[in-house]
file input.txt (compact mmCIF, C-alpha atoms and all ligand atoms)
# COMPACT_ATOMS: atom_id res chain seq x y z
CA MET A 19 0.00 0.00 0.00
CA LEU A 20 1.26 3.50 -0.80
CA THR A 21 1.78 5.92 2.06
CA PHE A 22 -0.35 9.08 2.11
CA ALA A 23 2.56 11.14 0.72
CA GLN A 24 3.27 8.57 -2.00
CA ALA A 25 -0.41 8.32 -2.95
CA VAL A 26 -0.83 12.08 -3.23
CA THR A 27 2.36 12.47 -5.26
CA GLU A 28 1.40 9.60 -7.56
CA ARG A 29 -2.01 11.19 -8.12
CA THR A 30 -0.47 14.59 -8.77
CA ARG A 31 1.75 13.09 -11.45
CA ARG A 32 -0.86 10.79 -13.03
CA LEU A 33 -3.81 13.20 -13.03
CA ASN A 34 -1.77 16.40 -13.18
CA THR A 35 -3.54 17.95 -10.19
CA ARG A 36 -2.38 19.75 -7.03
CA LEU A 37 -5.87 20.49 -5.74
CA CYS A 38 -7.17 19.35 -2.36
CA VAL A 39 -10.97 19.45 -2.35
CA GLY A 40 -12.32 20.42 1.06
CA LEU A 41 -15.68 18.91 1.98
CA ASP A 42 -17.13 21.19 4.66
CA PRO A 43 -20.92 20.77 4.38
CA ARG A 44 -22.91 23.55 6.01
CA ARG A 45 -26.08 22.35 7.75
CA ASP A 46 -28.12 25.48 7.01
CA THR A 47 -27.68 24.92 3.27
CA TYR A 48 -29.70 21.69 3.25
CA HIS A 49 -33.23 20.46 4.00
CA ASP A 50 -31.90 17.77 6.33
CA ALA A 51 -28.92 15.52 7.06
CA ALA A 52 -29.83 13.10 4.26
CA HIS A 53 -29.72 15.97 1.76
CA LEU A 54 -26.37 17.15 3.14
CA LYS A 55 -24.91 13.65 2.84
CA ALA A 56 -26.19 13.07 -0.69
CA HIS A 57 -24.85 16.40 -1.97
CA THR A 58 -21.47 15.98 -0.27
CA LEU A 59 -21.06 12.48 -1.74
CA ASP A 60 -22.14 13.76 -5.17
CA VAL A 61 -19.55 16.57 -5.04
CA LEU A 62 -16.89 14.10 -3.94
CA GLU A 63 -17.55 11.66 -6.75
CA ALA A 64 -17.91 14.33 -9.45
CA CYS A 65 -14.76 16.24 -8.43
CA ALA A 66 -12.58 13.18 -7.79
CA PRO A 67 -10.83 13.30 -11.21
CA TYR A 68 -9.54 16.81 -10.38
CA ALA A 69 -8.47 16.12 -6.79
CA ALA A 70 -5.11 14.98 -5.45
CA CYS A 71 -6.87 14.35 -2.13
CA ILE A 72 -9.97 15.35 -0.17
CA LYS A 73 -10.11 17.13 3.17
CA PRO A 74 -13.21 16.81 5.35
CA GLN A 75 -13.15 19.37 8.17
CA PHE A 76 -14.48 17.65 11.32
CA ALA A 77 -16.37 20.66 12.69
CA PHE A 78 -19.00 20.56 9.99
CA TYR A 79 -19.75 16.88 10.72
CA GLU A 80 -19.44 17.17 14.50
CA ALA A 81 -22.03 19.97 14.35
CA LEU A 82 -24.56 17.33 13.32
CA GLY A 83 -23.80 15.05 16.27
CA LEU A 84 -23.42 11.31 15.87
CA GLU A 85 -25.28 11.37 12.59
CA GLY A 86 -22.73 13.83 11.25
CA MET A 87 -19.80 11.69 12.32
CA ALA A 88 -21.41 8.73 10.56
CA ILE A 89 -21.68 10.88 7.42
CA MET A 90 -18.01 11.78 7.70
CA GLU A 91 -17.11 8.11 7.90
CA GLU A 92 -19.18 7.50 4.77
CA VAL A 93 -17.39 10.35 2.99
CA CYS A 94 -14.02 8.82 3.94
CA ALA A 95 -15.14 5.35 2.84
CA ALA A 96 -16.37 6.73 -0.50
CA ALA A 97 -13.03 8.46 -1.03
CA ARG A 98 -11.14 5.26 -0.27
CA THR A 99 -13.31 3.40 -2.79
CA LEU A 100 -12.42 6.05 -5.39
CA GLY A 101 -8.72 5.71 -4.53
CA LEU A 102 -8.60 9.26 -3.17
CA PRO A 103 -6.24 9.99 -0.25
CA VAL A 104 -8.06 11.44 2.78
CA LEU A 105 -6.70 14.33 4.83
CA LEU A 106 -8.69 14.55 8.05
CA ASP A 107 -8.86 18.15 9.19
CA ALA A 108 -9.35 17.93 12.95
CA LYS A 109 -6.42 20.06 14.17
CA ARG A 110 -5.81 17.75 17.10
CA GLY A 111 -3.22 18.39 19.82
CA ASP A 112 -2.91 17.57 23.53
CA ILE A 113 -0.52 16.17 26.14
CA GLY A 114 1.29 13.09 24.85
CA SER A 115 -0.91 10.34 26.29
CA THR A 116 -4.06 12.02 25.01
CA ALA A 117 -2.39 12.74 21.68
CA GLY A 118 -1.74 8.99 21.45
CA ALA A 119 -5.46 8.32 21.81
CA TYR A 120 -6.28 10.88 19.10
CA ALA A 121 -3.68 9.29 16.87
CA ARG A 122 -5.13 5.81 17.37
CA ALA A 123 -8.61 7.15 16.66
CA TRP A 124 -7.80 8.84 13.36
CA LEU A 125 -4.62 7.29 11.93
CA THR A 126 -5.16 3.55 12.45
CA GLY A 127 -7.66 0.86 11.51
CA ARG A 128 -10.08 2.07 8.85
CA HIS A 129 -8.16 5.39 8.72
CA ALA A 130 -4.73 3.79 8.22
CA GLY A 131 -3.04 5.67 5.40
CA ALA A 132 -4.98 8.87 6.08
CA ALA A 133 -3.45 12.18 7.12
CA LEU A 134 -4.46 14.31 10.11
CA THR A 135 -3.96 18.01 10.79
CA VAL A 136 -2.30 18.59 14.18
CA ASN A 137 -1.78 21.64 16.36
CA PRO A 138 1.73 22.01 17.86
CA PHE A 139 0.79 24.58 20.53
CA LEU A 140 1.40 22.15 23.42
CA GLY A 141 5.01 21.61 22.41
CA PHE A 142 7.01 19.52 20.01
CA GLU A 143 7.09 16.44 22.25
CA THR A 144 3.30 16.18 21.86
CA LEU A 145 3.74 15.64 18.11
CA THR A 146 5.59 12.36 18.69
CA PRO A 147 2.55 10.07 19.16
CA PHE A 148 0.97 11.46 16.00
CA VAL A 149 4.16 11.10 13.94
CA ASP A 150 4.94 7.59 15.22
CA THR A 151 1.39 6.38 14.58
CA ALA A 152 1.29 7.94 11.12
CA GLN A 153 4.62 6.33 10.22
CA ASP A 154 3.51 2.92 11.52
CA ASN A 155 0.31 3.07 9.48
CA GLY A 156 1.41 4.65 6.20
CA GLY A 157 -0.28 7.92 7.08
CA ALA A 158 0.82 11.49 7.56
CA VAL A 159 0.38 14.45 9.86
CA PHE A 160 0.11 18.07 8.76
CA VAL A 161 1.43 20.38 11.46
CA LEU A 162 0.02 23.90 11.65
CA VAL A 163 2.96 26.14 10.78
CA LYS A 164 1.35 29.40 9.62
CA THR A 165 -2.42 29.43 9.37
CA SER A 166 -4.37 31.28 6.72
CA ASN A 167 -6.37 33.62 8.99
CA PRO A 168 -5.39 37.26 9.62
CA GLY A 169 -5.23 36.73 13.41
CA GLN A 170 -2.49 34.12 13.11
CA ALA A 171 0.03 36.92 13.66
CA ASP A 172 -1.05 37.24 17.33
CA LEU A 173 0.76 34.02 18.21
CA GLN A 174 2.55 32.83 15.08
CA GLY A 175 4.68 35.93 14.44
CA SER A 176 8.16 36.66 15.85
CA GLY A 177 9.72 33.60 14.29
CA VAL A 178 7.33 31.10 15.90
CA SER A 179 6.14 29.67 12.57
CA GLU A 180 9.74 29.35 11.43
CA ARG A 181 10.60 27.42 14.62
CA VAL A 182 7.76 25.00 13.94
CA ALA A 183 8.94 24.64 10.35
CA VAL A 184 12.45 23.74 11.51
CA GLU A 185 10.95 21.08 13.79
CA VAL A 186 8.93 19.64 10.88
CA ALA A 187 12.15 19.37 8.86
CA ARG A 188 13.90 17.71 11.81
CA LEU A 189 11.12 15.14 12.18
CA ASN A 190 11.36 14.32 8.47
CA ALA A 191 15.14 14.08 8.36
CA GLU A 192 15.36 10.38 9.13
CA GLU A 193 12.81 9.18 6.58
CA PRO A 194 13.87 7.55 3.30
CA ASP A 195 15.48 9.87 0.78
CA GLY A 196 13.91 10.76 -2.52
CA GLU A 197 10.28 11.10 -1.50
CA TYR A 198 8.04 13.29 0.62
CA ALA A 199 8.04 12.34 4.27
CA SER A 200 5.21 11.66 6.70
CA VAL A 201 5.24 15.09 8.38
CA GLY A 202 3.61 17.76 6.28
CA ALA A 203 2.91 21.38 7.13
CA VAL A 204 -0.05 23.72 6.89
CA VAL A 205 0.88 27.11 5.46
CA GLY A 206 -1.96 29.40 4.45
CA ALA A 207 -2.30 30.12 0.74
CA THR A 208 -2.94 33.68 1.90
CA HIS A 209 0.78 34.13 2.72
CA ALA A 210 2.09 34.25 -0.84
CA ALA A 211 5.23 36.16 0.05
CA ASP A 212 6.29 33.56 2.64
CA LEU A 213 5.68 30.37 0.71
CA ALA A 214 9.16 30.04 -0.81
CA THR A 215 10.74 30.53 2.63
CA PHE A 216 8.65 27.76 4.17
CA ARG A 217 9.27 25.55 1.13
CA ALA A 218 13.03 25.95 1.70
CA LEU A 219 12.81 25.38 5.47
CA MET A 220 10.91 22.08 5.03
CA PRO A 221 12.34 20.49 1.88
CA ARG A 222 10.83 17.03 2.46
CA ALA A 223 7.39 18.12 3.70
CA LEU A 224 4.21 18.20 1.70
CA LEU A 225 2.68 21.64 2.21
CA LEU A 226 -1.07 22.05 2.60
CA LEU A 227 -2.12 25.50 1.40
CA PRO A 228 -5.67 26.33 2.53
CA GLY A 229 -7.33 29.58 1.55
CA LEU A 230 -7.74 29.19 -2.19
CA GLY A 231 -10.94 30.85 -3.37
CA ALA A 232 -13.17 31.93 -0.48
CA GLN A 233 -10.31 33.38 1.62
CA GLY A 234 -8.97 35.35 -1.31
CA ALA A 235 -5.87 33.41 -2.32
CA ALA A 236 -5.38 32.72 -6.01
CA ALA A 237 -3.44 30.01 -7.81
CA ALA A 238 -1.07 32.65 -9.16
CA ASP A 239 0.09 33.33 -5.57
CA LEU A 240 1.23 29.80 -4.86
CA GLN A 241 4.16 29.05 -7.12
CA GLY A 242 6.72 29.43 -4.31
CA ALA A 243 5.27 26.46 -2.42
CA PHE A 244 6.07 23.92 -5.13
CA HIS A 245 9.22 22.13 -6.12
CA GLU A 246 10.40 22.08 -9.68
CA GLY A 247 8.16 19.64 -11.52
CA GLY A 248 5.12 20.90 -9.62
CA THR A 249 5.14 18.54 -6.66
CA GLY A 250 5.28 19.11 -2.91
CA ALA A 251 2.16 21.16 -2.22
CA LEU A 252 -1.60 20.81 -2.17
CA ALA A 253 -3.72 23.91 -2.64
CA SER A 254 -7.01 23.56 -0.82
CA ALA A 255 -10.46 25.02 -1.47
CA SER A 256 -13.63 24.05 0.38
CA ARG A 257 -16.48 26.56 -0.14
CA GLY A 258 -15.00 27.57 -3.50
CA VAL A 259 -15.64 24.05 -4.79
CA GLN A 260 -18.58 22.61 -2.85
CA TYR A 261 -20.64 25.81 -3.08
CA ALA A 262 -19.20 27.28 -6.26
CA ASP A 263 -22.77 28.11 -7.34
CA GLY A 264 -25.30 27.14 -4.71
CA LEU A 265 -25.74 23.39 -4.74
CA SER A 266 -24.92 22.90 -8.43
CA VAL A 267 -22.65 19.88 -8.69
CA ALA A 268 -21.80 20.89 -12.26
CA ALA A 269 -20.52 24.21 -10.90
CA SER A 270 -18.43 22.33 -8.30
CA VAL A 271 -16.86 20.29 -11.07
CA GLY A 272 -16.21 23.46 -13.08
CA ALA A 273 -14.57 25.11 -10.07
CA ALA A 274 -12.39 22.07 -9.30
CA ARG A 275 -11.30 21.83 -12.91
CA GLY A 276 -10.69 25.58 -12.99
CA PHE A 277 -8.50 25.55 -9.84
CA ARG A 278 -6.58 22.55 -11.19
CA ASP A 279 -5.97 24.28 -14.51
CA GLU A 280 -5.01 27.61 -12.91
CA LEU A 281 -2.48 25.86 -10.67
CA ASN A 282 -1.05 23.96 -13.62
CA GLY A 283 -0.87 27.18 -15.64
CA VAL A 284 1.18 28.87 -12.95
CA LEU A 285 3.57 25.93 -12.71
CA ALA A 286 3.96 25.37 -16.45
O1 LIG B 301 -5.94 23.00 8.24
C1 LIG B 301 -6.67 23.57 7.44
O2 LIG B 301 -7.13 22.99 6.48
C2 LIG B 301 -6.84 25.03 7.56
C3 LIG B 301 -5.76 25.72 8.04
C4 LIG B 301 -5.73 27.12 7.90
O3 LIG B 301 -4.75 27.77 8.19
N1 LIG B 301 -6.81 27.74 7.36
C5 LIG B 301 -7.92 27.06 6.95
O4 LIG B 301 -8.84 27.69 6.42
N2 LIG B 301 -7.98 25.70 7.11
C6 LIG B 301 -9.21 24.94 6.76
O5 LIG B 301 -9.36 24.99 5.35
C7 LIG B 301 -10.73 25.15 5.00
C8 LIG B 301 -10.90 26.45 4.25
O6 LIG B 301 -12.18 26.53 3.75
P1 LIG B 301 -12.58 27.55 2.59
O7 LIG B 301 -12.18 28.89 3.05
O8 LIG B 301 -14.07 27.35 2.46
O9 LIG B 301 -11.83 27.11 1.36
C9 LIG B 301 -11.51 25.08 6.30
O10 LIG B 301 -11.89 23.71 6.49
C10 LIG B 301 -10.51 25.49 7.35
O11 LIG B 301 -10.78 24.90 8.60
call {"tool": "encode", "arguments": {"input": "input.txt", "output": "C-alpha cells", "more": "lines below"}}
Ligand SMILES: O=C(O)c1cc(=O)[nH]c(=O)n1[C@@H]1O[C@H](COP(=O)(O)O)[C@@H](O)[C@H]1O
result
Amino acid sequence: MLTFAQAVTERTRRLNTRLCVGLDPRRDTYHDAAHLKAHTLDVLEACAPYAACIKPQFAFYEALGLEGMAIMEEVCAAARTLGLPVLLDAKRGDIGSTAGAYARAWLTGRHAGAALTVNPFLGFETLTPFVDTAQDNGGAVFVLVKTSNPGQADLQGSGVSERVAVEVARLNAEEPDGEYASVGAVVGATHAADLATFRALMPRALLLLPGLGAQGAAAADLQGAFHEGGTGALASASRGVQYADGLSVAASVGAARGFRDELNGVLA
C-alpha cells in the first residue's frame, strides 16, 4: 500500500492535479442531514478526477452530532473506494498520552493511510505520538505552521512559525530519501510572500495550502510552495468548490477543474 505522501504524489503526477478538495458541508444549506450527505457524496464523486486528495473538516460533521460523524465516515469510505487519499482536518493536539489516543482514533484501523492536521501549541514532544502512529500506518500528519487567517500573527509571528517549520524538517530528516516524508505542514495560501521561505525550510514536507478561493488566495500566488516539476504542495479550497454556485454539482466540477488548470498554468 502506498503511504499518504506517495499516494498524493502519484495522483499529482498521473492526473496532473495539485488540488485538495475540502468537503465542509454547512447544515443550514440543506433540507436535512440526508440531503447534506447526498450532496457531499455527489460533489466528492464528481470532483474526484480533479483532486489529489480530499479534506473533510471535522467541525461541519461534528455539528450534526453522531449522525454527522457517521456521514463523515461514509465520505471517507467513499473516497477510499475512489482511490482518493483522505486528509482529516481535525487540528488535534494535547498532552502526549491524550495525543496517542487521538492518533489511534484517526490514523489507524479504517483510517490507516490517512493524514491528520495537528496543532503544535502544546510543544514539540506532543507531536511524537501522531508522527509515530502515522509512520507505523502509512499515514501522515500536517502540522500547523502558519495558518491562513489574519489573526495568526497574534501568536505565530516573531519567528514562531519558522521554529515550527524547523521542527517539521527535523522530524522528516530520518525518513527515506527521494520522497516526501510523513510530516507535512499547513501554510496558508494567503501568505504568498512567505511560501518560498517555508518551502526551503521544510524540503521534504508536503505543504497544505488552505485559503484558495473563499479566503482570497489565487493560484497565481502559490508558485513558491512547489518544487520544480510541480510537486510538494496541495492547494485547498472548500467553499469555493462545494458551493461554487449554490448546490450545483456541475458548478463544483467546473470550479475544481478551474482551480486545477489555474495551478497547472502557474507551474507550467
Ligand atoms: O488546516 C486547514 O485545512 C486550515 C488551516 C488554515 O490555516 N486555514 C484554513 O482555512 N484551514 C481549513 O481549510 C478550510 C478552508 O475553507 P474555505 O475557506 O471554504 O476554502 C476550512 O476547512 C478550514 O478549517
call {"tool": "residues_around", "arguments": {"input": "input.txt", "residues": "stretch 217-230 of chain A", "least_positions_apart": "5", "cutoff": "7 Å", "atoms": "all atoms listed in the file", "output": "list in words"}}
result
Ser166, Ala183, Val184, Val186, Ala187, Asn190, Tyr198, Ala199, Val201, Gly202, Ala203, Val204, Val205, Gly206, Ala207, Thr208, Ala235, Ala236, Ala243, Gly250, Ala251, Leu252, Ala253, Ser254 and Ala255 of chain A
call {"tool": "closest_residue", "arguments": {"input": "input.txt", "among": "A:Leu281, A:Ala88, A:Ala232, A:Leu189", "to": "A:Phe244", "atoms": "all atoms listed in the file"}}
result
A:Leu281
call {"tool": "atom_distance", "arguments": {"input": "input.txt", "atom1": "atom CA of A:Leu102", "atom2": "atom C2 of ligand LIG 301 (chain B)"}}
result
19.2 Å
call {"tool": "atom_distance", "arguments": {"input": "input.txt", "atom1": "atom CA of A:Gly264", "atom2": "atom C5 of ligand LIG 301 (chain B)"}}
result
20.9 Å
call {"tool": "atom_distance", "arguments": {"input": "input.txt", "atom1": "atom CA of A:Glu280", "atom2": "atom O9 of ligand LIG 301 (chain B)"}}
result
15.8 Å
call {"tool": "axis_aligned_box", "arguments": {"input": "input.txt", "around": "stretch 245-262 of chain A", "padding_each_side": "4 Å", "output": "JSON"}}
result
{"center_x": -5.1, "center_y": 23.1, "center_z": -5.6, "size_x": 39.0, "size_y": 17.0, "size_z": 19.9}
call {"tool": "residues_around", "arguments": {"input": "input.txt", "residues": "A:Gly40", "least_positions_apart": "3", "cutoff": "8 Å", "atoms": "only C-alpha atoms", "output": "ChimeraX atom specification"}}
result
/A:72-75,254-257,259-260
call {"tool": "residues_around", "arguments": {"input": "input.txt", "residues": "A:Glu180", "least_positions_apart": "5", "cutoff": "10 Å", "atoms": "all atoms listed in the file", "output": "PyMOL selection string"}}
result
chain A and resi 163-164+174-175+185-186+215-216+219-220
call {"tool": "closest_residue", "arguments": {"input": "input.txt", "among": "A:Gly248, A:Gly258, A:Pro138, A:Gly169", "to": "ligand LIG 301 (chain B)", "atoms": "all atoms listed in the file"}}
result
A:Gly258
call {"tool": "residues_around", "arguments": {"input": "input.txt", "residues": "A:Gly157", "least_positions_apart": "2", "cutoff": "9 Å", "atoms": "only C-alpha atoms", "output": "list in words"}}
result
Thr21, Phe22, Ala23, Leu125, Thr126, His129, Ala130, Gly131, Ala132, Ala133, Leu134, Val149, Thr151, Ala152, Gln153, Asp154, Asn155, Val159 and Ser200 of chain A
call {"tool": "closest_residue", "arguments": {"input": "input.txt", "among": "A:Thr30, A:Thr165, A:Ser179, A:Ser115", "to": "ligand LIG 301 (chain B)", "atoms": "only C-alpha atoms and all ligand atoms"}}
result
A:Thr165
call {"tool": "closest_residue", "arguments": {"input": "input.txt", "among": "A:Leu41, A:Ala273, A:Ala95, A:Leu285", "to": "A:Gly242", "atoms": "only C-alpha atoms"}}
result
A:Leu285
call {"tool": "closest_residue", "arguments": {"input": "input.txt", "among": "A:Glu85, A:Phe139, A:His49, A:Ala211", "to": "A:Arg181", "atoms": "only C-alpha atoms"}}
result
A:Phe139
call {"tool": "closest_residue", "arguments": {"input": "input.txt", "among": "A:Asp150, A:Glu28, A:Ala96, A:Arg188", "to": "A:Ala64", "atoms": "all atoms listed in the file"}}
result
A:Ala96
call {"tool": "decode", "arguments": {"input": "input.txt", "residues": "stretch 52-169 of chain A", "atoms": "C-alpha atoms", "output": "mmCIF file, in the first residue's frame"}}
result
data_model
loop_
_atom_site.group_PDB
_atom_site.id
_atom_site.type_symbol
_atom_site.label_atom_id
_atom_site.label_comp_id
_atom_site.auth_asym_id
_atom_site.auth_seq_id
_atom_site.Cartn_x
_atom_site.Cartn_y
_atom_site.Cartn_z
ATOM 1 C CA ALA A 52 -29.828 13.099 4.256
ATOM 2 C CA HIS A 53 -29.720 15.973 1.761
ATOM 3 C CA LEU A 54 -26.366 17.149 3.137
ATOM 4 C CA LYS A 55 -24.912 13.649 2.842
ATOM 5 C CA ALA A 56 -26.189 13.068 -0.689
ATOM 6 C CA HIS A 57 -24.849 16.400 -1.967
ATOM 7 C CA THR A 58 -21.466 15.977 -0.273
ATOM 8 C CA LEU A 59 -21.057 12.480 -1.744
ATOM 9 C CA ASP A 60 -22.137 13.760 -5.174
ATOM 10 C CA VAL A 61 -19.554 16.574 -5.040
ATOM 11 C CA LEU A 62 -16.886 14.103 -3.937
ATOM 12 C CA GLU A 63 -17.554 11.665 -6.751
ATOM 13 C CA ALA A 64 -17.912 14.330 -9.452
ATOM 14 C CA CYS A 65 -14.762 16.242 -8.435
ATOM 15 C CA ALA A 66 -12.577 13.183 -7.792
ATOM 16 C CA PRO A 67 -10.834 13.298 -11.205
ATOM 17 C CA TYR A 68 -9.540 16.809 -10.384
ATOM 18 C CA ALA A 69 -8.469 16.121 -6.794
ATOM 19 C CA ALA A 70 -5.113 14.976 -5.455
ATOM 20 C CA CYS A 71 -6.872 14.353 -2.126
ATOM 21 C CA ILE A 72 -9.969 15.354 -0.173
ATOM 22 C CA LYS A 73 -10.107 17.131 3.169
ATOM 23 C CA PRO A 74 -13.209 16.807 5.350
ATOM 24 C CA GLN A 75 -13.152 19.366 8.172
ATOM 25 C CA PHE A 76 -14.482 17.653 11.316
ATOM 26 C CA ALA A 77 -16.369 20.664 12.691
ATOM 27 C CA PHE A 78 -19.003 20.556 9.992
ATOM 28 C CA TYR A 79 -19.750 16.883 10.719
ATOM 29 C CA GLU A 80 -19.444 17.171 14.498
ATOM 30 C CA ALA A 81 -22.028 19.966 14.355
ATOM 31 C CA LEU A 82 -24.563 17.325 13.320
ATOM 32 C CA GLY A 83 -23.800 15.050 16.267
ATOM 33 C CA LEU A 84 -23.416 11.306 15.874
ATOM 34 C CA GLU A 85 -25.276 11.369 12.585
ATOM 35 C CA GLY A 86 -22.726 13.828 11.248
ATOM 36 C CA MET A 87 -19.800 11.694 12.318
ATOM 37 C CA ALA A 88 -21.406 8.729 10.564
ATOM 38 C CA ILE A 89 -21.682 10.877 7.420
ATOM 39 C CA MET A 90 -18.011 11.784 7.701
ATOM 40 C CA GLU A 91 -17.105 8.110 7.904
ATOM 41 C CA GLU A 92 -19.181 7.499 4.771
ATOM 42 C CA VAL A 93 -17.393 10.350 2.991
ATOM 43 C CA CYS A 94 -14.023 8.825 3.942
ATOM 44 C CA ALA A 95 -15.141 5.355 2.840
ATOM 45 C CA ALA A 96 -16.373 6.726 -0.500
ATOM 46 C CA ALA A 97 -13.031 8.464 -1.030
ATOM 47 C CA ARG A 98 -11.138 5.257 -0.273
ATOM 48 C CA THR A 99 -13.314 3.399 -2.794
ATOM 49 C CA LEU A 100 -12.425 6.047 -5.386
ATOM 50 C CA GLY A 101 -8.722 5.710 -4.526
ATOM 51 C CA LEU A 102 -8.598 9.264 -3.173
ATOM 52 C CA PRO A 103 -6.241 9.990 -0.253
ATOM 53 C CA VAL A 104 -8.055 11.439 2.779
ATOM 54 C CA LEU A 105 -6.698 14.327 4.826
ATOM 55 C CA LEU A 106 -8.685 14.547 8.052
ATOM 56 C CA ASP A 107 -8.860 18.154 9.190
ATOM 57 C CA ALA A 108 -9.351 17.929 12.948
ATOM 58 C CA LYS A 109 -6.422 20.064 14.165
ATOM 59 C CA ARG A 110 -5.814 17.748 17.098
ATOM 60 C CA GLY A 111 -3.220 18.393 19.823
ATOM 61 C CA ASP A 112 -2.913 17.568 23.535
ATOM 62 C CA ILE A 113 -0.519 16.173 26.136
ATOM 63 C CA GLY A 114 1.291 13.095 24.851
ATOM 64 C CA SER A 115 -0.907 10.337 26.286
ATOM 65 C CA THR A 116 -4.064 12.020 25.013
ATOM 66 C CA ALA A 117 -2.385 12.736 21.683
ATOM 67 C CA GLY A 118 -1.740 8.994 21.454
ATOM 68 C CA ALA A 119 -5.465 8.317 21.811
ATOM 69 C CA TYR A 120 -6.283 10.880 19.103
ATOM 70 C CA ALA A 121 -3.675 9.290 16.866
ATOM 71 C CA ARG A 122 -5.125 5.806 17.374
ATOM 72 C CA ALA A 123 -8.607 7.146 16.656
ATOM 73 C CA TRP A 124 -7.803 8.839 13.359
ATOM 74 C CA LEU A 125 -4.624 7.287 11.933
ATOM 75 C CA THR A 126 -5.156 3.547 12.454
ATOM 76 C CA GLY A 127 -7.657 0.857 11.506
ATOM 77 C CA ARG A 128 -10.077 2.069 8.848
ATOM 78 C CA HIS A 129 -8.164 5.391 8.721
ATOM 79 C CA ALA A 130 -4.725 3.792 8.224
ATOM 80 C CA GLY A 131 -3.036 5.667 5.400
ATOM 81 C CA ALA A 132 -4.976 8.871 6.081
ATOM 82 C CA ALA A 133 -3.445 12.181 7.116
ATOM 83 C CA LEU A 134 -4.464 14.312 10.111
ATOM 84 C CA THR A 135 -3.959 18.009 10.793
ATOM 85 C CA VAL A 136 -2.295 18.595 14.176
ATOM 86 C CA ASN A 137 -1.782 21.644 16.359
ATOM 87 C CA PRO A 138 1.730 22.015 17.864
ATOM 88 C CA PHE A 139 0.789 24.577 20.528
ATOM 89 C CA LEU A 140 1.396 22.145 23.416
ATOM 90 C CA GLY A 141 5.005 21.615 22.408
ATOM 91 C CA PHE A 142 7.014 19.520 20.014
ATOM 92 C CA GLU A 143 7.087 16.437 22.249
ATOM 93 C CA THR A 144 3.301 16.183 21.864
ATOM 94 C CA LEU A 145 3.740 15.641 18.110
ATOM 95 C CA THR A 146 5.589 12.357 18.688
ATOM 96 C CA PRO A 147 2.552 10.070 19.163
ATOM 97 C CA PHE A 148 0.970 11.459 15.995
ATOM 98 C CA VAL A 149 4.157 11.098 13.944
ATOM 99 C CA ASP A 150 4.936 7.591 15.224
ATOM 100 C CA THR A 151 1.392 6.384 14.583
ATOM 101 C CA ALA A 152 1.292 7.942 11.124
ATOM 102 C CA GLN A 153 4.618 6.329 10.218
ATOM 103 C CA ASP A 154 3.513 2.918 11.516
ATOM 104 C CA ASN A 155 0.308 3.071 9.479
ATOM 105 C CA GLY A 156 1.408 4.647 6.196
ATOM 106 C CA GLY A 157 -0.277 7.919 7.080
ATOM 107 C CA ALA A 158 0.821 11.493 7.559
ATOM 108 C CA VAL A 159 0.384 14.450 9.865
ATOM 109 C CA PHE A 160 0.114 18.066 8.760
ATOM 110 C CA VAL A 161 1.427 20.380 11.458
ATOM 111 C CA LEU A 162 0.016 23.903 11.647
ATOM 112 C CA VAL A 163 2.958 26.144 10.776
ATOM 113 C CA LYS A 164 1.353 29.397 9.616
ATOM 114 C CA THR A 165 -2.422 29.427 9.375
ATOM 115 C CA SER A 166 -4.373 31.284 6.720
ATOM 116 C CA ASN A 167 -6.369 33.617 8.994
ATOM 117 C CA PRO A 168 -5.390 37.261 9.623
ATOM 118 C CA GLY A 169 -5.233 36.732 13.413
#
